[in-house]
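Reading through the C-alpha cells given below for one structure.
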Amino acid sequence: MSACNVYRFPMRDPDDMSGLAGLLAQGKIAASDIKAVFCKTEGNGLNNDWTRLFVDRAVRMTIAAGGEAEAEALRRAILVLISGGSEGVVSPHMLVFAAAPPTGTEPGLALGMDIRDLAPGDLARKSHASITADMVRAAMKATGAEDPSQVGFVIVRAPSDPTKGATSPRVRAAVSLGVAQALGEVAGEIDEAAFLKDFSKFCGRVFVVARDDTTTQQVIVLANAPGGTKGLRVAAGTLRDPLDSPGVAAVLAELGIAAVPQASPDASARIVASLSKGDPPGDGKIRGARHTMNGDGDIHSHRHGRSAYGAMIASVIGHSYCFVSGGAEHHGPDNGGLIALIARDEGFSA
C-alpha cells in the first residue's frame, strides 16, 4: 500500500519543470517516490501534437537529473501523462503524485499501480478489457482498499497501434469497460460488440489515454483507504453534459466543499486536482438545443469539448487548473463525461 501526496504547479511554458525540479531539490520528495506526473500543456491535443513528446522527455530528464539512460528507464516505472490542449480558461499545470509515509489507520488517499506488457493482438479487443480488469484489481489491492466503493478514480495509460485506423477510440472503449467490470459498474462479461456502440455501458471513475509509443500499459488506482494520506481525499462522479455544474458540485459535496454556486476562495484553494473527460454531445444537441462543435471545419471537436467542460468546471471549483481531456468513449453517460477531484481537508498541507 502506498499513501500518496499530490502536488500541483503552474507551468509558464511546456518545458517549465521548475516546480518539479524544486520539489526534488528541496528534498520534499525523492525521485524514487514519484509514481506519476500529469501535465496539461499547450498544443492541440490531437494526433500531430508533438508537444506531448517534448514535455514527456523534459519530465523524465528532470526526474533523472539529466541522465539519458535513466530517463528512458523511467518510461516504465512512472506514469507520465501529457495532455495537450489548454483551450479557453484551462491553465497549463503539472500534477505530481508521490508516495508518502502512512499516516495511521484512518482512510486517506492511497495509490496502487500495476504495469504489464500487452501483445499487439490484445489491443482494443475483449482480451484488452479483461487484462485491464485484472490490472485494476491488482492495483486496488496495492492501495489497501478492500471494496470497489473505496476506489475514487482509475487512470490508465494504454498502448495503441498507429498503423490501424480508429484503434485509439476502441482502446479507450475496451479499457474503460474493463475498469467498469473490475469496479462492478458493468455486470457480466464484456461484449466486444458494445465497443463504441452501446453507450449505456460506461465507467464513471476512469481516465484513459491511448498512446502509440509503447506496448506497456500502466494502471493507477486512487482510493480512500486505511493507511493512506490522512487529509487528502478523492471523489468522482458523472456529468450528463458540458452544462452539468450540479454534477461537479455533487462531487465537491462528497469532499465536504459547498459550491453555492461556486466554491469559496478558501475552499477552492483546497482543491488540488481536477481530472475530467468529456466530448461534445454526439447527437448534436445540448438539452434539446443544437450545437455546432462536431461540425466545425476550423476547430476540432475535442478542442471545443475541452474548452466547454473546462469553463464549466472552473466556474464551480473556483480556479482554472482543470485537467480536461477529450476522447471520452464509455467515460460517463452517453453525450456526457465525468470528473474526479482531489481535495485537502482543512488544515492539511503536504
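Just so we're on the same page: first chain in the C-alpha cells is A, next is B, and so on; residues restart at 1 for each chain, and ligands are numbered from 1 in the order they show up.
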Query - Contact residues around Ile63 of chain A with only C-alpha atoms at 12 Å, ignoring same-chain residues under 3 positions, as a PyMOL selection string - result: chain A and resi 17-25+29-37+56-60+66-75+77-78+80+96
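For the choices A:Val154, A:Ile131, A:Asn335, A:Leu275, the atom-to-atom distance to Phe323 of chain A is smallest for A:Leu275 when using only C-alpha atoms.
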Contact residues around segment 110-122 of chain A with only C-alpha atoms at 8 Å, ignoring same-chain residues under 2 positions, as a PDB file with all heavy atoms, in the first residue's frame:
ATOM      1  N   MET A   1       0.847  -1.185   0.000  1.00  0.00           N
ATOM      2  CA  MET A   1       0.000   0.000   0.000  1.00  0.00           C
ATOM      3  C   MET A   1       0.884   1.238   0.000  1.00  0.00           C
ATOM      4  O   MET A   1       1.917   1.275   0.643  1.00  0.00           O
ATOM      5  CB  MET A   1      -0.916  -0.006   1.223  1.00  0.00           C
ATOM      6  CG  MET A   1      -1.957   1.106   1.240  1.00  0.00           C
ATOM      7  SD  MET A   1      -1.327   2.675   1.866  1.00  0.00           S
ATOM      8  CE  MET A   1      -0.878   2.207   3.506  1.00  0.00           C
ATOM      9  N   SER A   2       0.473   2.260  -0.726  1.00  0.00           N
ATOM     10  CA  SER A   2       1.252   3.479  -0.811  1.00  0.00           C
ATOM     11  C   SER A   2       0.372   4.677  -0.507  1.00  0.00           C
ATOM     12  O   SER A   2      -0.523   5.011  -1.277  1.00  0.00           O
ATOM     13  CB  SER A   2       1.862   3.625  -2.223  1.00  0.00           C
ATOM     14  OG  SER A   2       2.604   4.822  -2.300  1.00  0.00           O
ATOM     15  N   ALA A   3       0.599   5.293   0.658  1.00  0.00           N
ATOM     16  CA  ALA A   3      -0.020   6.586   0.901  1.00  0.00           C
ATOM     17  C   ALA A   3       0.501   7.545  -0.153  1.00  0.00           C
ATOM     18  O   ALA A   3       1.605   7.378  -0.686  1.00  0.00           O
ATOM     19  CB  ALA A   3       0.327   7.075   2.300  1.00  0.00           C
ATOM     20  N   CYS A   4      -0.282   8.547  -0.481  1.00  0.00           N
ATOM     21  CA  CYS A   4       0.049   9.376  -1.638  1.00  0.00           C
ATOM     22  C   CYS A   4      -0.177  10.851  -1.336  1.00  0.00           C
ATOM     23  O   CYS A   4      -1.199  11.230  -0.748  1.00  0.00           O
ATOM     24  CB  CYS A   4      -0.835   8.941  -2.812  1.00  0.00           C
ATOM     25  SG  CYS A   4      -0.624   9.911  -4.313  1.00  0.00           S
ATOM     26  N   ARG A  76       8.855   3.137 -17.985  1.00  0.00           N
ATOM     27  CA  ARG A  76       8.013   2.043 -17.491  1.00  0.00           C
ATOM     28  C   ARG A  76       7.577   2.264 -16.045  1.00  0.00           C
ATOM     29  O   ARG A  76       6.439   1.981 -15.669  1.00  0.00           O
ATOM     30  CB  ARG A  76       8.764   0.717 -17.609  1.00  0.00           C
ATOM     31  CG  ARG A  76       7.958  -0.492 -17.145  1.00  0.00           C
ATOM     32  CD  ARG A  76       8.757  -1.776 -17.324  1.00  0.00           C
ATOM     33  NE  ARG A  76       8.012  -2.935 -16.835  1.00  0.00           N
ATOM     34  CZ  ARG A  76       7.131  -3.616 -17.557  1.00  0.00           C
ATOM     35  NH1 ARG A  76       6.892  -3.246 -18.803  1.00  0.00           N
ATOM     36  NH2 ARG A  76       6.492  -4.652 -17.043  1.00  0.00           N
ATOM     37  N   ALA A  99       4.669   8.861  -3.489  1.00  0.00           N
ATOM     38  CA  ALA A  99       4.454   8.028  -2.314  1.00  0.00           C
ATOM     39  C   ALA A  99       4.814   8.807  -1.064  1.00  0.00           C
ATOM     40  O   ALA A  99       5.718   9.642  -1.058  1.00  0.00           O
ATOM     41  CB  ALA A  99       5.300   6.764  -2.411  1.00  0.00           C
ATOM     42  N   GLY A 108      -7.441   7.548   3.942  1.00  0.00           N
ATOM     43  CA  GLY A 108      -6.796   8.689   3.303  1.00  0.00           C
ATOM     44  C   GLY A 108      -6.414   8.299   1.898  1.00  0.00           C
ATOM     45  O   GLY A 108      -6.637   7.160   1.465  1.00  0.00           O
ATOM     46  N   ALA A 124      -7.455  -3.276 -28.039  1.00  0.00           N
ATOM     47  CA  ALA A 124      -8.808  -2.894 -28.463  1.00  0.00           C
ATOM     48  C   ALA A 124      -9.734  -4.094 -28.633  1.00  0.00           C
ATOM     49  O   ALA A 124     -10.743  -4.003 -29.326  1.00  0.00           O
ATOM     50  CB  ALA A 124      -8.753  -2.077 -29.759  1.00  0.00           C
ATOM     51  N   ARG A 125      -9.419  -5.207 -28.011  1.00  0.00           N
ATOM     52  CA  ARG A 125     -10.232  -6.411 -28.085  1.00  0.00           C
ATOM     53  C   ARG A 125     -10.844  -6.726 -26.713  1.00  0.00           C
ATOM     54  O   ARG A 125     -10.555  -6.077 -25.712  1.00  0.00           O
ATOM     55  CB  ARG A 125      -9.387  -7.601 -28.557  1.00  0.00           C
ATOM     56  CG  ARG A 125      -8.629  -7.390 -29.866  1.00  0.00           C
ATOM     57  CD  ARG A 125      -9.558  -7.096 -31.033  1.00  0.00           C
ATOM     58  NE  ARG A 125     -10.492  -8.165 -31.268  1.00  0.00           N
ATOM     59  CZ  ARG A 125     -10.239  -9.215 -32.069  1.00  0.00           C
ATOM     60  NH1 ARG A 125      -9.068  -9.306 -32.699  1.00  0.00           N
ATOM     61  NH2 ARG A 125     -11.157 -10.141 -32.250  1.00  0.00           N
ATOM     62  N   LYS A 126     -11.662  -7.750 -26.682  1.00  0.00           N
ATOM     63  CA  LYS A 126     -12.247  -8.198 -25.425  1.00  0.00           C
ATOM     64  C   LYS A 126     -11.159  -8.562 -24.423  1.00  0.00           C
ATOM     65  O   LYS A 126     -11.286  -8.292 -23.211  1.00  0.00           O
ATOM     66  CB  LYS A 126     -13.162  -9.394 -25.686  1.00  0.00           C
ATOM     67  CG  LYS A 126     -13.800  -9.974 -24.443  1.00  0.00           C
ATOM     68  CD  LYS A 126     -14.692 -11.165 -24.803  1.00  0.00           C
ATOM     69  CE  LYS A 126     -15.295 -11.803 -23.554  1.00  0.00           C
ATOM     70  NZ  LYS A 126     -16.164 -12.955 -23.896  1.00  0.00           N
ATOM     71  N   SER A 127     -10.091  -9.172 -24.914  1.00  0.00           N
ATOM     72  CA  SER A 127      -8.988  -9.552 -24.022  1.00  0.00           C
ATOM     73  C   SER A 127      -8.338  -8.329 -23.387  1.00  0.00           C
ATOM     74  O   SER A 127      -7.850  -8.389 -22.250  1.00  0.00           O
ATOM     75  CB  SER A 127      -7.950 -10.378 -24.774  1.00  0.00           C
ATOM     76  OG  SER A 127      -7.484  -9.695 -25.927  1.00  0.00           O
ATOM     77  N   HIS A 128      -8.340  -7.208 -24.107  1.00  0.00           N
ATOM     78  CA  HIS A 128      -7.782  -5.973 -23.549  1.00  0.00           C
ATOM     79  C   HIS A 128      -8.606  -5.540 -22.337  1.00  0.00           C
ATOM     80  O   HIS A 128      -8.058  -5.134 -21.298  1.00  0.00           O
ATOM     81  CB  HIS A 128      -7.769  -4.875 -24.622  1.00  0.00           C
ATOM     82  CG  HIS A 128      -6.865  -3.733 -24.303  1.00  0.00           C
ATOM     83  ND1 HIS A 128      -6.496  -2.790 -25.243  1.00  0.00           N
ATOM     84  CD2 HIS A 128      -6.249  -3.347 -23.153  1.00  0.00           C
ATOM     85  CE1 HIS A 128      -5.697  -1.907 -24.692  1.00  0.00           C
ATOM     86  NE2 HIS A 128      -5.534  -2.214 -23.422  1.00  0.00           N
ATOM     87  N   MET A 135      -5.728  -5.918 -13.984  1.00  0.00           N
ATOM     88  CA  MET A 135      -4.750  -4.924 -13.535  1.00  0.00           C
ATOM     89  C   MET A 135      -5.363  -3.987 -12.493  1.00  0.00           C
ATOM     90  O   MET A 135      -4.706  -3.612 -11.511  1.00  0.00           O
ATOM     91  CB  MET A 135      -4.233  -4.119 -14.727  1.00  0.00           C
ATOM     92  CG  MET A 135      -3.406  -4.920 -15.711  1.00  0.00           C
ATOM     93  SD  MET A 135      -2.788  -3.919 -17.109  1.00  0.00           S
ATOM     94  CE  MET A 135      -1.537  -2.908 -16.276  1.00  0.00           C
ATOM     95  N   VAL A 136      -6.616  -3.614 -12.699  1.00  0.00           N
ATOM     96  CA  VAL A 136      -7.290  -2.745 -11.724  1.00  0.00           C
ATOM     97  C   VAL A 136      -7.406  -3.454 -10.380  1.00  0.00           C
ATOM     98  O   VAL A 136      -7.152  -2.859  -9.318  1.00  0.00           O
ATOM     99  CB  VAL A 136      -8.681  -2.317 -12.238  1.00  0.00           C
ATOM    100  CG1 VAL A 136      -9.465  -1.599 -11.146  1.00  0.00           C
ATOM    101  CG2 VAL A 136      -8.538  -1.420 -13.460  1.00  0.00           C
ATOM    102  N   ALA A 138      -5.466  -5.748  -9.194  1.00  0.00           N
ATOM    103  CA  ALA A 138      -4.135  -5.824  -8.587  1.00  0.00           C
ATOM    104  C   ALA A 138      -3.734  -4.475  -7.998  1.00  0.00           C
ATOM    105  O   ALA A 138      -3.195  -4.400  -6.884  1.00  0.00           O
ATOM    106  CB  ALA A 138      -3.112  -6.281  -9.624  1.00  0.00           C
ATOM    107  N   ALA A 139      -3.983  -3.398  -8.737  1.00  0.00           N
ATOM    108  CA  ALA A 139      -3.631  -2.059  -8.249  1.00  0.00           C
ATOM    109  C   ALA A 139      -4.492  -1.672  -7.055  1.00  0.00           C
ATOM    110  O   ALA A 139      -4.019  -1.025  -6.114  1.00  0.00           O
ATOM    111  CB  ALA A 139      -3.789  -1.035  -9.377  1.00  0.00           C
ATOM    112  N   MET A 140      -5.753  -2.073  -7.091  1.00  0.00           N
ATOM    113  CA  MET A 140      -6.646  -1.801  -5.973  1.00  0.00           C
ATOM    114  C   MET A 140      -6.147  -2.494  -4.706  1.00  0.00           C
ATOM    115  O   MET A 140      -6.119  -1.901  -3.616  1.00  0.00           O
ATOM    116  CB  MET A 140      -8.052  -2.278  -6.329  1.00  0.00           C
ATOM    117  CG  MET A 140      -9.098  -2.002  -5.267  1.00  0.00           C
ATOM    118  SD  MET A 140     -10.735  -2.535  -5.844  1.00  0.00           S
ATOM    119  CE  MET A 140     -11.294  -3.416  -4.396  1.00  0.00           C
ATOM    120  N   LYS A 141      -5.729  -3.739  -4.844  1.00  0.00           N
ATOM    121  CA  LYS A 141      -5.192  -4.477  -3.702  1.00  0.00           C
ATOM    122  C   LYS A 141      -3.971  -3.765  -3.127  1.00  0.00           C
ATOM    123  O   LYS A 141      -3.777  -3.721  -1.907  1.00  0.00           O
ATOM    124  CB  LYS A 141      -4.834  -5.904  -4.129  1.00  0.00           C
ATOM    125  CG  LYS A 141      -4.379  -6.800  -2.984  1.00  0.00           C
ATOM    126  CD  LYS A 141      -4.137  -8.220  -3.464  1.00  0.00           C
ATOM    127  CE  LYS A 141      -3.699  -9.118  -2.317  1.00  0.00           C
ATOM    128  NZ  LYS A 141      -3.449 -10.522  -2.788  1.00  0.00           N
ATOM    129  N   ALA A 142      -3.157  -3.177  -4.009  1.00  0.00           N
ATOM    130  CA  ALA A 142      -1.956  -2.478  -3.564  1.00  0.00           C
ATOM    131  C   ALA A 142      -2.275  -1.228  -2.753  1.00  0.00           C
ATOM    132  O   ALA A 142      -1.455  -0.766  -1.960  1.00  0.00           O
ATOM    133  CB  ALA A 142      -1.085  -2.113  -4.768  1.00  0.00           C
ATOM    134  N   THR A 143      -3.472  -0.659  -2.936  1.00  0.00           N
ATOM    135  CA  THR A 143      -3.843   0.520  -2.159  1.00  0.00           C
ATOM    136  C   THR A 143      -4.302   0.160  -0.752  1.00  0.00           C
ATOM    137  O   THR A 143      -4.365   1.032   0.124  1.00  0.00           O
ATOM    138  CB  THR A 143      -5.000   1.300  -2.822  1.00  0.00           C
ATOM    139  OG1 THR A 143      -6.205   0.522  -2.757  1.00  0.00           O
ATOM    140  CG2 THR A 143      -4.677   1.672  -4.247  1.00  0.00           C
ATOM    141  N   GLY A 144      -4.659  -1.087  -0.544  1.00  0.00           N
ATOM    142  CA  GLY A 144      -5.234  -1.485   0.730  1.00  0.00           C
ATOM    143  C   GLY A 144      -6.746  -1.411   0.734  1.00  0.00           C
ATOM    144  O   GLY A 144      -7.385  -1.748   1.736  1.00  0.00           O
ATOM    145  N   PRO A 159      -1.581   1.226 -24.390  1.00  0.00           N
ATOM    146  CA  PRO A 159      -0.943   1.216 -25.709  1.00  0.00           C
ATOM    147  C   PRO A 159      -1.969   1.189 -26.831  1.00  0.00           C
ATOM    148  O   PRO A 159      -3.064   0.638 -26.686  1.00  0.00           O
ATOM    149  CB  PRO A 159      -0.108  -0.065 -25.687  1.00  0.00           C
ATOM    150  CG  PRO A 159      -0.818  -0.960 -24.728  1.00  0.00           C
ATOM    151  CD  PRO A 159      -1.450  -0.063 -23.696  1.00  0.00           C
ATOM    152  N   ASP A 161      -2.188   1.327 -31.502  1.00  0.00           N
ATOM    153  CA  ASP A 161      -1.490   0.902 -32.717  1.00  0.00           C
ATOM    154  C   ASP A 161      -1.700   1.952 -33.802  1.00  0.00           C
ATOM    155  O   ASP A 161      -2.799   2.064 -34.357  1.00  0.00           O
ATOM    156  CB  ASP A 161      -2.008  -0.452 -33.185  1.00  0.00           C
ATOM    157  CG  ASP A 161      -1.223  -1.015 -34.363  1.00  0.00           C
ATOM    158  OD1 ASP A 161      -0.429  -0.255 -34.971  1.00  0.00           O
ATOM    159  OD2 ASP A 161      -1.398  -2.203 -34.681  1.00  0.00           O
ATOM    160  N   THR A 215       4.323  -0.637 -25.788  1.00  0.00           N
ATOM    161  CA  THR A 215       3.381  -1.754 -25.665  1.00  0.00           C
ATOM    162  C   THR A 215       2.996  -1.965 -24.208  1.00  0.00           C
ATOM    163  O   THR A 215       2.256  -2.897 -23.889  1.00  0.00           O
ATOM    164  CB  THR A 215       3.993  -3.053 -26.208  1.00  0.00           C
ATOM    165  OG1 THR A 215       5.199  -3.347 -25.474  1.00  0.00           O
ATOM    166  CG2 THR A 215       4.321  -2.924 -27.685  1.00  0.00           C
ATOM    167  N   THR A 216       3.500  -1.100 -23.325  1.00  0.00           N
ATOM    168  CA  THR A 216       3.259  -1.239 -21.890  1.00  0.00           C
ATOM    169  C   THR A 216       1.984  -0.509 -21.484  1.00  0.00           C
ATOM    170  O   THR A 216       1.729   0.608 -21.929  1.00  0.00           O
ATOM    171  CB  THR A 216       4.443  -0.664 -21.094  1.00  0.00           C
ATOM    172  OG1 THR A 216       5.630  -1.366 -21.460  1.00  0.00           O
ATOM    173  CG2 THR A 216       4.222  -0.816 -19.593  1.00  0.00           C
ATOM    174  N   GLN A 217       1.199  -1.150 -20.637  1.00  0.00           N
ATOM    175  CA  GLN A 217       0.026  -0.500 -20.061  1.00  0.00           C
ATOM    176  C   GLN A 217       0.273  -0.255 -18.575  1.00  0.00           C
ATOM    177  O   GLN A 217       0.733  -1.144 -17.855  1.00  0.00           O
ATOM    178  CB  GLN A 217      -1.232  -1.351 -20.243  1.00  0.00           C
ATOM    179  CG  GLN A 217      -2.489  -0.728 -19.626  1.00  0.00           C
ATOM    180  CD  GLN A 217      -3.764  -1.275 -20.226  1.00  0.00           C
ATOM    181  OE1 GLN A 217      -4.042  -1.070 -21.415  1.00  0.00           O
ATOM    182  NE2 GLN A 217      -4.558  -1.970 -19.415  1.00  0.00           N
ATOM    183  N   GLN A 218      -0.036   0.956 -18.136  1.00  0.00           N
ATOM    184  CA  GLN A 218       0.113   1.335 -16.728  1.00  0.00           C
ATOM    185  C   GLN A 218      -1.262   1.697 -16.170  1.00  0.00           C
ATOM    186  O   GLN A 218      -2.001   2.461 -16.783  1.00  0.00           O
ATOM    187  CB  GLN A 218       1.056   2.539 -16.599  1.00  0.00           C
ATOM    188  CG  GLN A 218       2.483   2.271 -17.079  1.00  0.00           C
ATOM    189  CD  GLN A 218       3.200   3.567 -17.428  1.00  0.00           C
ATOM    190  OE1 GLN A 218       2.744   4.319 -18.294  1.00  0.00           O
ATOM    191  NE2 GLN A 218       4.314   3.840 -16.778  1.00  0.00           N
ATOM    192  N   VAL A 219      -1.567   1.147 -15.016  1.00  0.00           N
ATOM    193  CA  VAL A 219      -2.841   1.411 -14.352  1.00  0.00           C
ATOM    194  C   VAL A 219      -2.571   1.955 -12.957  1.00  0.00           C
ATOM    195  O   VAL A 219      -1.790   1.360 -12.191  1.00  0.00           O
ATOM    196  CB  VAL A 219      -3.701   0.131 -14.245  1.00  0.00           C
ATOM    197  CG1 VAL A 219      -4.910   0.367 -13.335  1.00  0.00           C
ATOM    198  CG2 VAL A 219      -4.153  -0.329 -15.620  1.00  0.00           C
ATOM    199  N   ILE A 220      -3.180   3.075 -12.637  1.00  0.00           N
ATOM    200  CA  ILE A 220      -3.092   3.645 -11.291  1.00  0.00           C
ATOM    201  C   ILE A 220      -4.493   3.696 -10.704  1.00  0.00           C
ATOM    202  O   ILE A 220      -5.438   4.175 -11.347  1.00  0.00           O
ATOM    203  CB  ILE A 220      -2.465   5.050 -11.314  1.00  0.00           C
ATOM    204  CG1 ILE A 220      -0.943   4.928 -11.416  1.00  0.00           C
ATOM    205  CG2 ILE A 220      -2.855   5.860 -10.082  1.00  0.00           C
ATOM    206  CD1 ILE A 220      -0.215   6.259 -11.438  1.00  0.00           C
ATOM    207  N   VAL A 221      -4.627   3.194  -9.489  1.00  0.00           N
ATOM    208  CA  VAL A 221      -5.869   3.287  -8.734  1.00  0.00           C
ATOM    209  C   VAL A 221      -5.654   4.261  -7.582  1.00  0.00           C
ATOM    210  O   VAL A 221      -4.687   4.130  -6.812  1.00  0.00           O
ATOM    211  CB  VAL A 221      -6.302   1.910  -8.190  1.00  0.00           C
ATOM    212  CG1 VAL A 221      -7.410   2.061  -7.148  1.00  0.00           C
ATOM    213  CG2 VAL A 221      -6.768   1.010  -9.325  1.00  0.00           C
ATOM    214  N   LEU A 222      -6.530   5.244  -7.477  1.00  0.00           N
ATOM    215  CA  LEU A 222      -6.541   6.167  -6.349  1.00  0.00           C
ATOM    216  C   LEU A 222      -7.727   5.807  -5.477  1.00  0.00           C
ATOM    217  O   LEU A 222      -8.864   5.747  -5.954  1.00  0.00           O
ATOM    218  CB  LEU A 222      -6.666   7.612  -6.836  1.00  0.00           C
ATOM    219  CG  LEU A 222      -5.514   8.134  -7.699  1.00  0.00           C
ATOM    220  CD1 LEU A 222      -5.860   9.510  -8.263  1.00  0.00           C
ATOM    221  CD2 LEU A 222      -4.218   8.208  -6.893  1.00  0.00           C
ATOM    222  N   ALA A 223      -7.459   5.547  -4.206  1.00  0.00           N
ATOM    223  CA  ALA A 223      -8.510   5.093  -3.298  1.00  0.00           C
ATOM    224  C   ALA A 223      -8.448   5.858  -1.988  1.00  0.00           C
ATOM    225  O   ALA A 223      -7.414   6.439  -1.626  1.00  0.00           O
ATOM    226  CB  ALA A 223      -8.362   3.595  -3.034  1.00  0.00           C
ATOM    227  N   ASN A 224      -9.557   5.870  -1.295  1.00  0.00           N
ATOM    228  CA  ASN A 224      -9.605   6.363   0.077  1.00  0.00           C
ATOM    229  C   ASN A 224      -9.546   5.134   0.969  1.00  0.00           C
ATOM    230  O   ASN A 224     -10.557   4.478   1.211  1.00  0.00           O
ATOM    231  CB  ASN A 224     -10.900   7.148   0.307  1.00  0.00           C
ATOM    232  CG  ASN A 224     -11.012   8.339  -0.628  1.00  0.00           C
ATOM    233  OD1 ASN A 224     -10.134   9.189  -0.684  1.00  0.00           O
ATOM    234  ND2 ASN A 224     -12.100   8.412  -1.380  1.00  0.00           N
ATOM    235  N   ALA A 225      -8.339   4.807   1.405  1.00  0.00           N
ATOM    236  CA  ALA A 225      -8.118   3.518   2.057  1.00  0.00           C
ATOM    237  C   ALA A 225      -7.391   3.700   3.385  1.00  0.00           C
ATOM    238  O   ALA A 225      -6.655   4.684   3.569  1.00  0.00           O
ATOM    239  CB  ALA A 225      -7.302   2.596   1.139  1.00  0.00           C
ATOM    240  N   GLY A 227      -4.661   3.776   6.066  1.00  0.00           N
ATOM    241  CA  GLY A 227      -3.225   3.917   5.909  1.00  0.00           C
ATOM    242  C   GLY A 227      -2.818   4.888   4.827  1.00  0.00           C
ATOM    243  O   GLY A 227      -1.626   5.157   4.651  1.00  0.00           O
ATOM    244  N   GLY A 228      -3.788   5.422   4.080  1.00  0.00           N
ATOM    245  CA  GLY A 228      -3.474   6.435   3.080  1.00  0.00           C
ATOM    246  C   GLY A 228      -3.158   7.763   3.744  1.00  0.00           C
ATOM    247  O   GLY A 228      -3.118   7.878   4.967  1.00  0.00           O
ATOM    248  N   THR A 229      -2.933   8.771   2.934  1.00  0.00           N
ATOM    249  CA  THR A 229      -2.578  10.086   3.457  1.00  0.00           C
ATOM    250  C   THR A 229      -3.811  10.748   4.055  1.00  0.00           C
ATOM    251  O   THR A 229      -4.698  11.228   3.338  1.00  0.00           O
ATOM    252  CB  THR A 229      -1.981  10.974   2.348  1.00  0.00           C
ATOM    253  OG1 THR A 229      -0.803  10.348   1.836  1.00  0.00           O
ATOM    254  CG2 THR A 229      -1.620  12.348   2.888  1.00  0.00           C
TER     255      THR A 229
END
Query - segment 141-274 of chain A: residues DSSP assigns to helix (DSSP H, G or I), reported as a ChimeraX atom specification - result: /A:141-143,148-150,167-182,192-194,245-254,265-269
